[in-house]
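In what follows, a structure is listed as structure tokens, so that the remarks can point back to it.
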Amino acid sequence: MENYIIDLQHLSKSFGDKKVLHDINIKVRKGEFVTLLGPSGCGKTTILRLIAGFLAPDEGKILLDGKDIVELPPYQRPLNTVFQRYALFPHLDVYDNIAFGLKLKNVPQKDIDAKVRKVLRLVNMEDYEERDVDSLSGGQQQRVAIARALVNQPKVLLLDEPLAALDLKMRKDMQIELKEMHEKLGITFIYVTHDQEEALTLSDTIVVLNEGRIQQIGTPADIYNEPVNSFVADFIGDSNILDGTMVCDRRVRFIDEEFNCVDEGFGENTPVEVVVRPEDVNIKKDIQKGLFFGTITSCTFKGVYYQLFLNTDKGYELMAHDYRKFEVGDLVGINILPENIQVMKKERTCNAFDATVLDSTHLEMLDGEFECLPTEIAPGTKVRAEVAFDKIDILDHQEEGSAAGQVYSIIYKGDHYHLTVLTDKRKHIYVNTNDVWDKRDLVGVRIEPKDIKIVEINED
Amino acid sequence: MKIKRSGWSLPYFIFLLLFVALPLVLIAVYALQDSSGRFTLDNIGRFFSDSDALSTFALSLEVAVENTLICLLLGYPAAWILANRKYNRSTVTIILFILPMWINALMRTLATAELFNMLGVELGKGTLLYGMAYDYLPFMVYPIYNILQKIDPSYAEAAEDLGATPSKVFLKVTLPLSMPGVISGVMMVFMPTVSTFAISEFLTNSKIKLFGTIIQENINSSMWNYGAALSLIMLVIIGITSLFDNKSSAAAQEGVI
């Protein structure tokens with residue numbers, strides 16, 4: 001049996017009536033560099049604050065070396081945090097900031113001196129002892145914050161988006177330094193970030209979170225090469241995410257073409273989602289060498305590669321990365337290797353809303369009232385209303401629709417957009433549309449009566 | 001014709017000249033003249049040989065120090081509770097604390113005196129300090145509250161994270177960071193208390209005389225020159241303390257206490 005230094009078991013947490021964490025289970029090995037990755041509001045910082053002890057979970061356990069520490073106040077936990085905005089004490093100089101924790105533990109002055117000097121050398125901040133923290137640059141403050149945490153030799157170092165406030169160049173440098181520090185010290189790091197590139201660069205293990213739920217846990221390579229769902233694929237790196245059908249084992253159909261692949265066990269003619277990374281879209285100048293062909297619609301230089309957009313002959317858009325330059329309008333052959341096609345089970349094939357019958361032609365759902373085809377079901381009955389993704393109209397103004405919401409995420413699927421719209425009460429509406437929307441757009445939702453399929457639910 | 005931007009300050013300048021600078025000059029002029037208008041330093045000298053005035057001055061300082069301490073001891077915890085979201089989520093309670101400032105101090109003092117009379121409490125130093133603390137407490141609470149609620153809560157979290165118990169967090173982080181508020185609170189209570197005279201008159205039945213009272217008596221009995229000299233001395237002393245406080249509060253802002 002393996003020993004875990006941190007073991008989060010079934011953590012859940014709500015703020016008011018909003019549940020921000022659902023059944024979180026994470027195991028961290030000693031010396032591991034674990035990154036909690038997700039968009040803002042996904043709950044990653046909440047998890048860190050639960051571990052640090054600034055918040056208490058509603059349910060679940062936090063085991064440190066096998067012992068539950070949920071009841072311990074932060075000052076008794078052998079963990080230290082590097083805060084997002086550093087939180088260096090403005091009334092103390094660099095030395096006193098770093099010595100703060102040691103002084104509280106009544107470490108002899110001589111040892112404090114030695115430890116502070118050692119840790120300052122570690123973060124390349126010698127000769128800054130006497131400096132006022134306000135006189136330091138962002139990067140220097142960051143180093144002091146890291147030193148202040150490390151000097152206490154914590155069992156686990158918690159880092160809350162520590163590089164978010166730095167400029168790009170500085171951030172890259174600090175990434176390398178953090179990685180070196182981690183290797184040198186052997187301390188377990190738990191790192192929170194919304195920057196997927198940072199996560200891929202630094203981590204041994206990445207935990208991808210969305211809406212308070214763990215989406216995937218794995219090594220950077222696993223997460224990049226084998227995302228489990230379209231959210232992960234979309235969030236980590238560039239990708240082509242496409243709707244497809246598993247024809248049979250090792251055979252998948254998407255963008256109106258059929259491909260060999262390496263996946264099995266989905267069943268026959270099962271709807272799936274397919275991820276192809278842009279660097280895996282092989283472009284052949286000789287169109288005969290491709291499985292199918294397409295036209296270059298844009299070519300942008302990105303430093304080490306060109307980012308290309310192609311229109312396939314069947315009318316789908318694909319993104320590709322290539323070291324060669326192409327001209328817009330070039331007709332090229334396209335090939336995708338079987339092992340580069342990542343097939344994922346479709347999480348849902350249509351919307352299923354909880355609804356209540358109001359009268360013979362109306363339903364109450366999504367906090368609004370919708371007209372439906374005449375039904376015999378008695379008013380007041382709870383039913384399920386199924387609506388296909390492409391049968392939902394979204395409208396510019398919230399008041400124009402029967403229900404209202406906000407665009408939460410957008411995934412481009414080659415020939416249409418797949419949107420997630422959240423209502424005020426955080427109910428999810430999934431929409432396929434050809435129109436261009438932006439994240440956080442406030443929209444109205446309309447559904448034609450004939451497109452609502454009412455399904456009775458068994459009361460047992 | 002276009003008026004220059006600096007032209008807008010003219011009304012304020014005139015106001016300051018008429019109601020601040022001119023009276024100050026007049027005080028100085030009167031203080032350095034005898035009753036027939038000749039230049040003299042006698043008025044100033046008289047104060048330092050007037051044991052009555054000196055002891056009153058000492059008493060005023062003593063009362064002011066006591067009042068400031070009382071306000072600080074009552075006001076700091078109040079401000080801390082008001083600024084703490086765990087205990088106070090409403091601005092109404094803050095307004096309730098500030099509310100007395102909206103009512104004329106003289107009226108409040110008279111009402112307090114009546115209250116003591118009604119309850120049969122003998123007027124003396126106790127009632128004087130009570131009245132002063134009552135009058136000046138909001139001036140202590142407000143600046144401290146203001147600073148406390150602006151302190152980024154992550155400082156306290158960082159301290160706790162580094163192993164500080166809640167009481168250590170307060171002593172090592174919250175208190176030092178709130179010093180600018182404490183200093184301005186102390187200034188706003190201490191300086192006006194030194195020169196107050198109405199409170200002592202009403203709340204001790206004029207049994208206790210403060211420095212402000214002596215000035216008022218001298219002016220009232222037409223001893224303008226000596227009264228002005230006493231005012232000047234008080235001004236200089238307050239001026240000196242405020243200079244000192246300015247320096248330390250500026251230092252507090254920079255974090256080099």
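So you can find residues: chains in the structure tokens are A, B, ... in the order shown, residues in each start at 1, and ligands are numbered from 1 in order.
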
Interface list for chain A, partner chain B, 12 Å threshold, only C-alpha atoms, as JSON, numbers by chain: {"A": [49, 51, 52, 53, 54, 55, 72, 73, 74, 75, 76, 77, 78, 79, 80, 81, 82, 83, 84, 85, 86, 87, 88, 89, 90, 91, 92, 93, 96, 97, 98, 99, 100, 101, 102, 103, 104, 105, 106, 130, 131, 132, 133, 134, 135, 145, 146, 147, 148, 149, 150, 151, 152, 153, 154, 157, 158]}

What does the file look like for those residues with C-alpha atoms, as a short mmCIF file (atom, residue, chain, number, x, y, z; two decimals), in the first residue's frame?
```cif
data_model
loop_
_atom_site.label_atom_id
_atom_site.label_comp_id
_atom_site.auth_asym_id
_atom_site.auth_seq_id
_atom_site.Cartn_x
_atom_site.Cartn_y
_atom_site.Cartn_z
CA ARG A 49 -7.99 26.89 1.41
CA ILE A 51 -6.12 22.11 3.02
CA ALA A 52 -4.58 25.23 4.58
CA GLY A 53 -7.43 25.38 7.07
CA PHE A 54 -8.94 28.75 6.22
CA LEU A 55 -12.18 26.98 5.35
CA LEU A 72 -6.93 21.66 13.34
CA PRO A 73 -6.75 25.45 13.01
CA PRO A 74 -4.37 26.75 10.29
CA TYR A 75 -1.65 27.68 12.80
CA GLN A 76 -1.36 24.07 13.93
CA ARG A 77 -1.06 22.59 10.45
CA PRO A 78 2.50 21.87 9.29
CA LEU A 79 1.75 23.43 5.91
CA ASN A 80 2.59 26.82 4.51
CA THR A 81 0.95 28.88 1.83
CA VAL A 82 2.27 31.23 -0.83
CA PHE A 83 -0.56 33.66 -1.40
CA GLN A 84 -1.64 34.97 -4.76
CA ARG A 85 -1.04 38.59 -3.81
CA TYR A 86 1.98 37.60 -1.66
CA ALA A 87 0.46 39.05 1.56
CA LEU A 88 3.89 40.15 2.77
CA PHE A 89 3.60 42.12 6.01
CA PRO A 90 4.06 45.77 5.03
CA HIS A 91 5.22 46.79 8.51
CA LEU A 92 8.14 44.37 8.50
CA ASP A 93 11.28 44.26 6.37
CA ASP A 96 11.38 40.01 9.65
CA ASN A 97 8.85 38.77 7.13
CA ILE A 98 10.82 35.59 6.60
CA ALA A 99 11.66 35.20 10.28
CA PHE A 100 8.00 35.64 11.29
CA GLY A 101 7.19 31.95 11.53
CA LEU A 102 10.50 31.01 13.17
CA LYS A 103 10.15 33.69 15.85
CA LEU A 104 6.70 32.38 16.72
CA LYS A 105 8.23 28.98 17.29
CA ASN A 106 10.88 30.53 19.58
CA GLU A 130 16.96 45.03 5.36
CA ARG A 131 14.77 46.08 2.46
CA ASP A 132 11.25 47.30 2.90
CA VAL A 133 8.87 44.90 1.19
CA ASP A 134 7.10 47.77 -0.58
CA SER A 135 10.33 48.71 -2.31
CA ALA A 145 6.79 35.10 -0.13
CA ILE A 146 8.17 31.74 -1.21
CA ALA A 147 11.12 32.12 1.17
CA ARG A 148 8.79 33.03 4.04
CA ALA A 149 6.85 29.82 3.49
CA LEU A 150 9.84 27.54 2.83
CA VAL A 151 11.88 28.65 5.83
CA ASN A 152 9.43 26.81 8.09
CA GLN A 153 10.20 23.54 6.30
CA PRO A 154 6.53 22.70 5.72
CA LEU A 157 3.83 23.89 0.30
CA LEU A 158 0.56 25.30 -0.97
#
```

Distance query segment 113-118 of chain B at most 12 Å, only C-alpha atoms, self and fewer than 6 positions along chain excluded, as an MDAnalysis selection string: chainID B and resid 106:107 124 126:128 130:132 134 198:206

Write a file of the just-selected residues containing N, CA, C and O atoms, as a PDB file, in the first residue's frame.
```
ATOM      1  N   LEU B 106     -22.519  70.349  22.732  1.00  0.00           N
ATOM      2  CA  LEU B 106     -23.006  71.119  23.872  1.00  0.00           C
ATOM      3  C   LEU B 106     -24.340  70.556  24.355  1.00  0.00           C
ATOM      4  O   LEU B 106     -24.574  70.382  25.553  1.00  0.00           O
ATOM      5  N   MET B 107     -25.208  70.243  23.386  1.00  0.00           N
ATOM      6  CA  MET B 107     -26.520  69.707  23.744  1.00  0.00           C
ATOM      7  C   MET B 107     -26.381  68.374  24.437  1.00  0.00           C
ATOM      8  O   MET B 107     -27.059  68.099  25.430  1.00  0.00           O
ATOM      9  N   GLY B 124     -18.269  65.731  39.372  1.00  0.00           N
ATOM     10  CA  GLY B 124     -16.867  65.845  39.755  1.00  0.00           C
ATOM     11  C   GLY B 124     -16.013  65.304  38.643  1.00  0.00           C
ATOM     12  O   GLY B 124     -16.439  65.268  37.484  1.00  0.00           O
ATOM     13  N   GLY B 126     -15.131  62.288  37.954  1.00  0.00           N
ATOM     14  CA  GLY B 126     -15.710  61.091  37.339  1.00  0.00           C
ATOM     15  C   GLY B 126     -16.695  61.453  36.253  1.00  0.00           C
ATOM     16  O   GLY B 126     -16.620  60.949  35.124  1.00  0.00           O
ATOM     17  N   THR B 127     -17.621  62.355  36.594  1.00  0.00           N
ATOM     18  CA  THR B 127     -18.619  62.730  35.597  1.00  0.00           C
ATOM     19  C   THR B 127     -17.964  63.476  34.438  1.00  0.00           C
ATOM     20  O   THR B 127     -18.384  63.357  33.290  1.00  0.00           O
ATOM     21  N   LEU B 128     -16.914  64.254  34.752  1.00  0.00           N
ATOM     22  CA  LEU B 128     -16.196  64.973  33.689  1.00  0.00           C
ATOM     23  C   LEU B 128     -15.620  63.984  32.673  1.00  0.00           C
ATOM     24  O   LEU B 128     -15.803  64.127  31.465  1.00  0.00           O
ATOM     25  N   TYR B 130     -16.502  60.930  32.224  1.00  0.00           N
ATOM     26  CA  TYR B 130     -17.598  60.238  31.547  1.00  0.00           C
ATOM     27  C   TYR B 130     -18.064  61.057  30.349  1.00  0.00           C
ATOM     28  O   TYR B 130     -18.182  60.551  29.232  1.00  0.00           O
ATOM     29  N   GLY B 131     -18.323  62.340  30.610  1.00  0.00           N
ATOM     30  CA  GLY B 131     -18.829  63.219  29.553  1.00  0.00           C
ATOM     31  C   GLY B 131     -17.852  63.360  28.400  1.00  0.00           C
ATOM     32  O   GLY B 131     -18.226  63.344  27.229  1.00  0.00           O
ATOM     33  N   MET B 132     -16.577  63.475  28.764  1.00  0.00           N
ATOM     34  CA  MET B 132     -15.565  63.623  27.711  1.00  0.00           C
ATOM     35  C   MET B 132     -15.469  62.370  26.860  1.00  0.00           C
ATOM     36  O   MET B 132     -15.420  62.435  25.623  1.00  0.00           O
ATOM     37  N   TYR B 134     -17.710  60.198  26.420  1.00  0.00           N
ATOM     38  CA  TYR B 134     -18.944  60.097  25.641  1.00  0.00           C
ATOM     39  C   TYR B 134     -18.864  60.988  24.407  1.00  0.00           C
ATOM     40  O   TYR B 134     -19.247  60.593  23.302  1.00  0.00           O
ATOM     41  N   ALA B 198     -16.409  73.722  27.951  1.00  0.00           N
ATOM     42  CA  ALA B 198     -17.849  73.589  28.188  1.00  0.00           C
ATOM     43  C   ALA B 198     -18.156  72.339  29.004  1.00  0.00           C
ATOM     44  O   ALA B 198     -18.949  72.374  29.946  1.00  0.00           O
ATOM     45  N   ILE B 199     -17.497  71.238  28.659  1.00  0.00           N
ATOM     46  CA  ILE B 199     -17.798  69.985  29.350  1.00  0.00           C
ATOM     47  C   ILE B 199     -17.481  70.098  30.832  1.00  0.00           C
ATOM     48  O   ILE B 199     -18.270  69.699  31.690  1.00  0.00           O
ATOM     49  N   SER B 200     -16.314  70.692  31.133  1.00  0.00           N
ATOM     50  CA  SER B 200     -15.948  70.789  32.546  1.00  0.00           C
ATOM     51  C   SER B 200     -16.897  71.727  33.273  1.00  0.00           C
ATOM     52  O   SER B 200     -17.239  71.512  34.431  1.00  0.00           O
ATOM     53  N   GLU B 201     -17.337  72.755  32.579  1.00  0.00           N
ATOM     54  CA  GLU B 201     -18.250  73.696  33.229  1.00  0.00           C
ATOM     55  C   GLU B 201     -19.576  73.027  33.580  1.00  0.00           C
ATOM     56  O   GLU B 201     -20.061  73.114  34.710  1.00  0.00           O
ATOM     57  N   PHE B 202     -20.137  72.298  32.624  1.00  0.00           N
ATOM     58  CA  PHE B 202     -21.467  71.728  32.846  1.00  0.00           C
ATOM     59  C   PHE B 202     -21.427  70.454  33.667  1.00  0.00           C
ATOM     60  O   PHE B 202     -22.314  70.197  34.465  1.00  0.00           O
ATOM     61  N   LEU B 203     -20.396  69.649  33.478  1.00  0.00           N
ATOM     62  CA  LEU B 203     -20.401  68.330  34.117  1.00  0.00           C
ATOM     63  C   LEU B 203     -19.680  68.313  35.466  1.00  0.00           C
ATOM     64  O   LEU B 203     -19.615  67.275  36.118  1.00  0.00           O
ATOM     65  N   THR B 204     -19.098  69.461  35.870  1.00  0.00           N
ATOM     66  CA  THR B 204     -18.539  69.496  37.226  1.00  0.00           C
ATOM     67  C   THR B 204     -19.080  70.716  37.961  1.00  0.00           C
ATOM     68  O   THR B 204     -18.589  71.048  39.047  1.00  0.00           O
ATOM     69  N   ASN B 205     -20.091  71.350  37.372  1.00  0.00           N
ATOM     70  CA  ASN B 205     -20.603  72.586  37.950  1.00  0.00           C
ATOM     71  C   ASN B 205     -19.493  73.605  38.151  1.00  0.00           C
ATOM     72  O   ASN B 205     -19.449  74.297  39.158  1.00  0.00           O
ATOM     73  N   SER B 206     -18.569  73.657  37.247  1.00  0.00           N
ATOM     74  CA  SER B 206     -17.413  74.545  37.295  1.00  0.00           C
ATOM     75  C   SER B 206     -16.506  74.266  38.495  1.00  0.00           C
ATOM     76  O   SER B 206     -15.706  75.100  38.889  1.00  0.00           O
TER      77      SER B 206
END
```

Residues of segment 122-302 of chain A in strand (DSSP E or B), written as number ranges by chain: A: 132, 156-160, 188-193, 205-210, 213-218, 240-248, 251-254, 257-260, 270-276, 282-284, 292-301

Within 8 Å of Gly181 of chain B using only C-alpha atoms, minus same-chain residues under 4 positions, as a ChimeraX atom specification: /B:143-148,185

Those of segment 20-232 of chain B in DSSP alpha helix (DSSP H), formatted as an NGL selection string: :B and (22-31 or 42-49 or 51-83 or 91-98 or 105-119 or 125-150 or 153-161 or 166-169 or 175-177 or 179-195 or 198-203 or 211-220 or 224-232)

Spatial neighbours of Leu210 of chain B, 9 Å, only C-alpha atoms, chain gap at least 3 places, as a ChimeraX atom specification: /B:56-61,63,194-197,200-201,213-214

Using C-alpha atoms, can you export the residues from the last selection as a short mmCIF file (atom, residue, chain, number, x, y, z; two decimals), in the first residue's frame?
```
data_model
loop_
_atom_site.label_atom_id
_atom_site.label_comp_id
_atom_site.auth_asym_id
_atom_site.auth_seq_id
_atom_site.Cartn_x
_atom_site.Cartn_y
_atom_site.Cartn_z
CA THR B 56 -4.71 74.13 35.64
CA PHE B 57 -2.66 73.51 32.57
CA ALA B 58 -1.15 70.40 34.15
CA LEU B 59 -4.61 69.23 35.15
CA SER B 60 -5.87 69.80 31.59
CA LEU B 61 -3.08 67.69 30.20
CA VAL B 63 -7.49 64.94 31.98
CA VAL B 194 -6.92 69.98 26.11
CA SER B 195 -8.78 73.10 25.11
CA THR B 196 -12.27 72.08 26.12
CA PHE B 197 -14.11 74.14 28.68
CA SER B 200 -15.95 70.79 32.55
CA GLU B 201 -18.25 73.70 33.23
CA THR B 213 -11.88 77.57 31.12
CA ILE B 214 -9.12 79.94 32.19
#
```
